[in-house]
Amino acid sequence: MPPGTPYHSFALPYPIRVDNFTDTLDQLPPPYNRPPLHLLTHTHSDHIDGLASKSFAYRVICSPDAKEMLLRHEVYAERSFYNHQYRAEKKKTFGHLKVDPYVMPSGQTLFTGSRDLLHAIPLNTPTEFDISDSETVTITLIDANHCPGSVMFLIEGRRGSVLHTGDLRAEPWFLSSIQRNHFLQPYLASSSQDLRIFVARREGTHAEATDLVKTLEAIYLDTACLLSPVVVPSKVLFLPAHFIPPLTSLLPCDL
């Protein structure tokens, strides 16, 4: 994460670290000193700090597109060395994150040293992960409308529910799609009256039921651009006309 990210980039109250893959934090108590799970919202350079280190050896949850982009990534110098035959094979920046088994000439497959640390999850697919011997969380990836492969993470478990947005582009059509998302709807009040009743119910002063059935313990929201004086134009202004989808395709409930 960018410098200054609070809580050492953890999605508290869970020992899950987001967009920060630097060295372990020995000054923190277990399990935070050895995070059992890492999340990657997208592949911009300020969100993958430490991921290129060959010593990194933890599970990373990301979108399929983010995984594909990481595994294909090459710096220009390395690609040039290969093209000029200074290197026998291409050197991928993040190739150490996925090492395929070795197949011998006899056809025997050797799995020693093989691994795949990038666990790609399709969007809108709740998936359960162990974060300790006695605790699991369910993680759902939701489109963030930021760049290819960018996602938000909905984390649900016995400590409550947390939404980590990463970087997102909150255009009006996107906010409308969020309201229609099947996995976020239980956390949204359908009216101001529902919200008032729900707050009263949480405080133990009102027993009336509402459409709101779940609450978030925390929302981790990147406000860097929100607090900036720079005006960010809509993507639609820069897309060729044949790339602009019709409104009906911008508002599906499964975005």
# chains A, B, ... in the order shown; residues from 1 in each chain; ligands from 1
$ select_by_dssp --residues "stretch 68-99 of chain A" --states "helix (DSSP H, G or I)" --output "PyMOL selection string"
chain A and resi 68-72+76-83+95-97
$ select_by_dssp --residues "stretch 30-224 of chain A" --states "strand (DSSP E)" --output "short mmCIF file (atom, residue, chain, number, x, y, z; two decimals) with N, CA, C and O atoms, in the first residue's frame"
data_model
loop_
_atom_site.label_atom_id
_atom_site.label_comp_id
_atom_site.auth_asym_id
_atom_site.auth_seq_id
_atom_site.Cartn_x
_atom_site.Cartn_y
_atom_site.Cartn_z
N LEU A 37 -2.67 -14.65 5.61
CA LEU A 37 -3.29 -14.41 4.32
C LEU A 37 -2.98 -13.00 3.85
O LEU A 37 -2.98 -12.06 4.65
N HIS A 38 -2.70 -12.87 2.55
CA HIS A 38 -2.50 -11.57 1.92
C HIS A 38 -3.54 -11.38 0.82
O HIS A 38 -3.90 -12.34 0.13
N LEU A 39 -3.99 -10.15 0.65
CA LEU A 39 -4.92 -9.81 -0.41
C LEU A 39 -4.28 -8.79 -1.34
O LEU A 39 -3.58 -7.88 -0.89
N VAL A 60 -1.53 -15.43 -1.57
CA VAL A 60 -2.06 -14.14 -2.01
C VAL A 60 -3.38 -14.39 -2.74
O VAL A 60 -3.43 -15.17 -3.69
N ILE A 61 -4.43 -13.71 -2.29
CA ILE A 61 -5.73 -13.81 -2.94
C ILE A 61 -5.87 -12.63 -3.91
O ILE A 61 -5.63 -11.48 -3.53
N CYS A 62 -6.25 -12.92 -5.15
CA CYS A 62 -6.38 -11.85 -6.14
C CYS A 62 -7.39 -12.28 -7.20
O CYS A 62 -7.91 -13.40 -7.17
N LYS A 98 4.81 -18.58 -8.95
CA LYS A 98 4.20 -19.79 -9.50
C LYS A 98 5.30 -20.59 -10.20
O LYS A 98 5.83 -20.20 -11.23
N VAL A 99 5.64 -21.72 -9.61
CA VAL A 99 6.66 -22.62 -10.15
C VAL A 99 6.00 -23.94 -10.50
O VAL A 99 5.48 -24.64 -9.63
N TYR A 102 8.23 -30.13 -12.42
CA TYR A 102 9.17 -30.50 -13.49
C TYR A 102 8.78 -31.87 -14.06
O TYR A 102 8.59 -32.83 -13.32
N VAL A 103 8.63 -31.90 -15.37
CA VAL A 103 8.30 -33.15 -16.04
C VAL A 103 9.56 -33.73 -16.66
O VAL A 103 10.18 -33.11 -17.54
N THR A 109 6.51 -36.79 -13.17
CA THR A 109 6.36 -35.40 -12.72
C THR A 109 6.94 -35.26 -11.33
O THR A 109 6.58 -36.01 -10.40
N LEU A 110 7.84 -34.30 -11.17
CA LEU A 110 8.45 -34.02 -9.87
C LEU A 110 7.86 -32.72 -9.32
O LEU A 110 7.96 -31.67 -9.95
N ARG A 115 5.15 -24.62 -6.70
CA ARG A 115 4.20 -23.92 -5.85
C ARG A 115 3.39 -22.92 -6.69
O ARG A 115 3.79 -22.55 -7.79
N ASP A 116 2.27 -22.52 -6.15
CA ASP A 116 1.45 -21.47 -6.76
C ASP A 116 0.87 -20.64 -5.62
O ASP A 116 -0.11 -21.02 -4.99
N LEU A 118 -0.36 -17.59 -5.85
CA LEU A 118 -1.43 -16.69 -6.28
C LEU A 118 -2.73 -17.47 -6.41
O LEU A 118 -2.90 -18.27 -7.32
N HIS A 119 -3.63 -17.24 -5.48
CA HIS A 119 -4.92 -17.94 -5.48
C HIS A 119 -5.95 -17.02 -6.10
O HIS A 119 -6.48 -16.11 -5.44
N ALA A 120 -6.26 -17.23 -7.36
CA ALA A 120 -7.21 -16.39 -8.08
C ALA A 120 -8.64 -16.86 -7.83
O ALA A 120 -8.94 -18.05 -7.93
N THR A 127 -15.61 -17.48 -1.14
CA THR A 127 -14.67 -18.58 -1.01
C THR A 127 -14.11 -18.60 0.41
O THR A 127 -13.74 -17.56 0.95
N GLU A 128 -14.06 -19.76 1.00
CA GLU A 128 -13.63 -19.90 2.40
C GLU A 128 -12.13 -20.18 2.48
O GLU A 128 -11.58 -20.97 1.70
N PHE A 129 -11.47 -19.51 3.44
CA PHE A 129 -10.03 -19.70 3.67
C PHE A 129 -9.77 -19.86 5.16
O PHE A 129 -10.43 -19.23 6.00
N ASP A 130 -8.80 -20.72 5.49
CA ASP A 130 -8.35 -20.86 6.88
C ASP A 130 -7.36 -19.74 7.20
O ASP A 130 -6.45 -19.45 6.42
N ILE A 131 -7.55 -19.10 8.36
CA ILE A 131 -6.54 -18.14 8.82
C ILE A 131 -5.89 -18.63 10.12
O ILE A 131 -4.98 -17.99 10.64
N SER A 132 -6.39 -19.75 10.64
CA SER A 132 -5.76 -20.45 11.76
C SER A 132 -6.34 -21.84 11.81
O SER A 132 -7.21 -22.20 11.01
N GLU A 135 -10.08 -21.11 12.81
CA GLU A 135 -10.85 -19.97 12.30
C GLU A 135 -10.77 -19.90 10.79
O GLU A 135 -9.71 -20.06 10.20
N THR A 136 -11.92 -19.63 10.19
CA THR A 136 -11.99 -19.44 8.74
C THR A 136 -12.67 -18.11 8.44
O THR A 136 -13.39 -17.56 9.27
N VAL A 137 -12.43 -17.61 7.24
CA VAL A 137 -13.12 -16.43 6.75
C VAL A 137 -13.65 -16.73 5.36
O VAL A 137 -13.11 -17.58 4.64
N THR A 138 -14.70 -16.03 4.98
CA THR A 138 -15.24 -16.11 3.63
C THR A 138 -14.92 -14.81 2.92
O THR A 138 -15.26 -13.73 3.41
N ILE A 139 -14.28 -14.91 1.77
CA ILE A 139 -13.84 -13.73 1.03
C ILE A 139 -14.54 -13.69 -0.32
O ILE A 139 -14.56 -14.69 -1.05
N THR A 140 -15.11 -12.53 -0.64
CA THR A 140 -15.78 -12.32 -1.91
C THR A 140 -15.13 -11.15 -2.63
O THR A 140 -14.96 -10.08 -2.04
N LEU A 141 -14.77 -11.35 -3.89
CA LEU A 141 -14.18 -10.29 -4.70
C LEU A 141 -15.28 -9.57 -5.48
O LEU A 141 -16.14 -10.22 -6.08
N ILE A 142 -15.22 -8.24 -5.46
CA ILE A 142 -16.23 -7.41 -6.13
C ILE A 142 -15.50 -6.39 -6.99
O ILE A 142 -14.51 -5.79 -6.55
N ASP A 143 -15.97 -6.19 -8.20
CA ASP A 143 -15.33 -5.25 -9.13
C ASP A 143 -15.16 -3.88 -8.50
O ASP A 143 -16.07 -3.36 -7.85
N VAL A 151 -10.14 -5.15 -7.69
CA VAL A 151 -11.28 -5.65 -6.93
C VAL A 151 -11.34 -5.03 -5.54
O VAL A 151 -10.36 -4.51 -5.02
N MET A 152 -12.54 -5.10 -4.97
CA MET A 152 -12.74 -4.87 -3.54
C MET A 152 -12.86 -6.24 -2.88
O MET A 152 -13.20 -7.23 -3.53
N PHE A 153 -12.60 -6.27 -1.57
CA PHE A 153 -12.69 -7.53 -0.82
C PHE A 153 -13.73 -7.40 0.29
O PHE A 153 -13.63 -6.51 1.14
N LEU A 154 -14.71 -8.28 0.27
CA LEU A 154 -15.65 -8.41 1.37
C LEU A 154 -15.20 -9.61 2.20
O LEU A 154 -15.17 -10.74 1.71
N ILE A 155 -14.81 -9.35 3.45
CA ILE A 155 -14.31 -10.38 4.34
C ILE A 155 -15.36 -10.63 5.42
O ILE A 155 -15.76 -9.71 6.13
N GLU A 156 -15.79 -11.87 5.55
CA GLU A 156 -16.82 -12.21 6.52
C GLU A 156 -16.34 -13.38 7.39
O GLU A 156 -15.80 -14.36 6.87
N GLY A 157 -16.53 -13.24 8.69
CA GLY A 157 -16.11 -14.28 9.62
C GLY A 157 -16.68 -14.02 10.99
O GLY A 157 -17.51 -13.14 11.20
N GLY A 160 -16.78 -10.51 12.53
CA GLY A 160 -17.58 -9.50 11.86
C GLY A 160 -17.21 -9.41 10.39
O GLY A 160 -16.40 -10.18 9.88
N SER A 161 -17.82 -8.44 9.73
CA SER A 161 -17.62 -8.26 8.29
C SER A 161 -16.84 -6.98 8.03
O SER A 161 -17.05 -5.95 8.68
N VAL A 162 -15.92 -7.06 7.05
CA VAL A 162 -15.07 -5.93 6.69
C VAL A 162 -15.09 -5.77 5.18
O VAL A 162 -15.03 -6.77 4.45
N LEU A 163 -15.18 -4.53 4.71
CA LEU A 163 -15.08 -4.25 3.28
C LEU A 163 -13.82 -3.43 3.04
O LEU A 163 -13.66 -2.35 3.61
N HIS A 164 -12.93 -3.96 2.20
CA HIS A 164 -11.72 -3.23 1.81
C HIS A 164 -11.86 -2.87 0.34
O HIS A 164 -11.93 -3.74 -0.52
N LEU A 216 -21.29 -3.91 8.81
CA LEU A 216 -19.84 -3.95 8.61
C LEU A 216 -19.15 -3.44 9.86
O LEU A 216 -19.51 -2.38 10.38
N GLU A 217 -18.15 -4.17 10.31
CA GLU A 217 -17.35 -3.71 11.43
C GLU A 217 -16.42 -2.58 11.00
O GLU A 217 -16.08 -1.71 11.80
N ALA A 218 -16.01 -2.61 9.73
CA ALA A 218 -15.11 -1.57 9.23
C ALA A 218 -15.18 -1.51 7.72
O ALA A 218 -15.47 -2.51 7.05
N ILE A 219 -14.93 -0.30 7.19
CA ILE A 219 -14.75 -0.11 5.75
C ILE A 219 -13.40 0.56 5.57
O ILE A 219 -13.15 1.64 6.13
N TYR A 220 -12.52 -0.08 4.82
CA TYR A 220 -11.22 0.49 4.50
C TYR A 220 -11.31 1.13 3.13
O TYR A 220 -11.42 0.46 2.11
#
$ closest_residue --among "A:Ser150, A:Ser134, A:Ser9, A:Asn124" --to "A:His44" --atoms "only C-alpha atoms"
A:Ser150
$ closest_residue --among "A:Tyr86, A:Asp222, A:Arg180, A:Gly95" --to "A:Asp167" --atoms "only C-alpha atoms"
A:Asp222
$ atom_distance --atom1 "atom CA of A:Lys92" --atom2 "atom CA of A:Glu74"
5.1 Å
$ closest_residue --among "A:Arg169, A:Lys54, A:Lys214, A:Arg79" --to "A:Phe183" --atoms "only C-alpha atoms"
A:Lys214
$ atom_distance --atom1 "atom CA of A:Ala52" --atom2 "atom CA of A:Leu168"
23.9 Å
$ atom_distance --atom1 "atom CA of A:Cys225" --atom2 "atom CA of A:Thr5"
14.5 Å
